[in-house]
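Asker: One structure follows; several queries about it will come next.
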Amino acid sequence: MPPNVTEANGVLFENDVQTPDMGLEVAPVQKADERKIQLVWRNIIAFACLHLAAVYGAYLFFTSAIWQTDIFAYILYVMSGLGITAGAHRLWAHKSYKAKWPLRLILVAFNTLAFQDSAIDWARDHRMHHKYSETDADPHNATRGFFFSHIGWLLCRKHPELKRKGQGLDLSDLYADPIIRFQKKYYLLLMPLACFVLPTIIPVYLWGESWKNAFFVAAMFRYTFILNVTWLVNSAAHKWGGKPYDKNIQPAQNISVAIFALGEGFHNYHHTFPWDYKTAELGNNRLNFTTSFINFFASFGWAYDLKTVSDEIIQQRVKRTGDGSHHLRGWGDQDIPAEEAQAALRINRKDD
Ligand SMILES: [Zn+2]
Ligand SMILES: [Zn+2]
């Protein structure tokens, strides 16, 4: 077996699975070595300035921006969020569905607006995060603490394990897509235009906003806000919440994160079955806007080949590795024995 498979600490694609309920044969570990972190001061200063500008932008959002600018910033937040969740994450990193080129074009535009590195680089880091989850080859190894997994990982040099194991990662599918290849090639031109220049110019010319409000609200505040929301998936959703699917890993079901991250907070499910395009086991998508977005495009064929996981596999897995917080049974389930259904106390009974 090649080394990148034997050392894996989590499943990434369906062909990584080793058990009938789609897990690994060995229990995952959480570890981080004692290596001293080497700070990158250029990044520390840049992120500090960005956050100061964002706080000022938040103040202007509530006190002096024209209402159209606030709505515009909100729309950009949703668009850039989808560029990460439906684009870099579910489509490119996980291949959990396929998309025709017009949808890929929309997603790459949204993704460039989000400025979290090119989709190819984002997907590479994210595949490492799943495959080597919570080890030194995970870019934002959550066992190093909340701050490290949130923003700290961007303020210091990468761990050498990331580079070493990263060489065994297959990215050929990403480089085969000309749309994201184009984005990576011209990223330093496209990104500033999409993330900062256009969001500043549009409010000024279309509804007479001041340059100051446009820049600090629609560019700096909106960008920093969605950045922190994305980071919360790596920090908060790797720390707080139930583990109904696999209690041996840190990722947890965090509804608060799911609301802000357009449905990406059901993280215990997502690390257990990463190829499910819903990133959750849900009856409805009220808290999963990204799934509704993909379903909308699937309704006329721009999104297709949507992958999910059967109830049977989920139940098997819940029984074997869950923490007991999953509601295995609901009223009306086929496998409830007749005598159990008879014995249930029913108030205000009307049906049957
Ligand atoms: Zn994660
Ligand atoms: Zn993922």
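So you can find residues: chains in the structure tokens are A, B, ... in the order shown, residues in each start at 1, and ligands are numbered from 1 in order.
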Can you list, as a PyMOL selection string, every protein, DNA or RNA residue that comes within 10 Å of Lys31 in chain A when you count only C-alpha atoms, leaving out same-chain residues fewer than 3 positions away?
Answerer: chain A and resi 28+34+133-136+141-144
Asker: Could you report the residues within 12 Å of ligand 2, using only C-alpha atoms and all ligand atoms, as number ranges by chain?
Answerer: A: 10-13, 84-96, 122-131, 133, 230, 233-234, 237, 251, 263-280
Asker: Name the residues of range 146-332 of chain A that come out as strand (DSSP E or B) in a backbone DSSP run; write them as a ChimeraX atom specification.
Answerer: /A:156,242,253,266,303-304
Asker: With only C-alpha atoms as the counted atoms, please give the residues lying no more than 12 Å from Pro244 in chain A, apart from itself and same-chain residues fewer than 3 positions off, as an MDAnalysis selection string.
Answerer: chainID A and resid 241 247:254 266:272 280:281 314:328
Asker: For each of A:Glu7, A:Asp21, A:Glu14, A:Asp138, take the minimum atom-to-atom distance to ligand 1, counting only C-alpha atoms and all ligand atoms, then give the residue where this is smallest.
Answerer: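 Under the stated criterion, the closest residue is A:Asp138.
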Asker: Give me, as a Markdown table, each residue of range 180-258 of chain A that comes within 10 Å of range 109-120 of chain A, together with its shortest interatomic pair and the distance in Å at one decimal, counting only C-alpha atoms, with rows ordered by chain and rising residue number.
Answerer:
| residue | atom | partner | partner_atom | distance |
| --- | --- | --- | --- | --- |
| A:Ile180 | CA | A:Ala119 | CA | 6.5 |
| A:Arg181 | CA | A:Ile120 | CA | 7.6 |
| A:Phe182 | CA | A:Ser118 | CA | 9.8 |
| A:Gln183 | CA | A:Ser118 | CA | 6.6 |
| A:Lys184 | CA | A:Ser118 | CA | 5.4 |
| A:Lys185 | CA | A:Ser118 | CA | 9.0 |
| A:Tyr186 | CA | A:Ser118 | CA | 9.5 |
| A:Tyr187 | CA | A:Ser118 | CA | 6.7 |
| A:Leu188 | CA | A:Ser118 | CA | 9.6 |
| A:Leu190 | CA | A:Thr112 | CA | 7.0 |
| A:Met191 | CA | A:Thr112 | CA | 5.3 |
| A:Pro192 | CA | A:Phe115 | CA | 8.2 |
| A:Leu193 | CA | A:Leu113 | CA | 8.3 |
| A:Ala194 | CA | A:Leu113 | CA | 4.8 |
| A:Cys195 | CA | A:Leu113 | CA | 4.4 |
| A:Phe196 | CA | A:Leu113 | CA | 8.2 |
| A:Leu198 | CA | A:Leu113 | CA | 9.5 |
| A:Pro199 | CA | A:Leu113 | CA | 9.1 |
| A:Ala219 | CA | A:Leu113 | CA | 9.7 |
| A:Arg222 | CA | A:Ala114 | CA | 9.4 |
| A:Tyr223 | CA | A:Ala114 | CA | 6.8 |
| A:Thr224 | CA | A:Ala114 | CA | 9.5 |
| A:Ile226 | CA | A:Ala114 | CA | 7.7 |
| A:Leu227 | CA | A:Gln116 | CA | 7.7 |
| A:Thr230 | CA | A:Gln116 | CA | 9.5 |
Asker: With only C-alpha atoms as the counted atoms, please give the residues lying no more than 9 Å from range 44-47 of chain A, apart from itself and same-chain residues fewer than 5 positions off, as a list in words.
Answerer: Leu39, Leu52, Leu154, Leu155 and Cys156 of chain A
Asker: Please run DSSP on the backbone and report, as a ChimeraX atom specification, all residues within range 35-262 of chain A that come out as helix (DSSP H, G or I).
Answerer: /A:41-63,67-93,101-114,119-131,142-144,146-150,152-154,160-166,172-175,178-185,187-207,211-234,236-238,255-260
Asker: Identify which of the residues A:Ile66, A:Leu76, A:Leu50, A:Ile179 lies closest to Val108 in chain A, counting only C-alpha atoms when measuring atom-to-atom distances.
Answerer: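 Smallest separation from Val108 in chain A among the options: A:Ile179.
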Asker: Can you tell me how far CA of Asp305 in chain A sits from CA of Val78 in chain A, in Å to one decimal?
Answerer: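 Atom-to-atom, CA of Asp305 in chain A to CA of Val78 in chain A, that is 24.3 Å.
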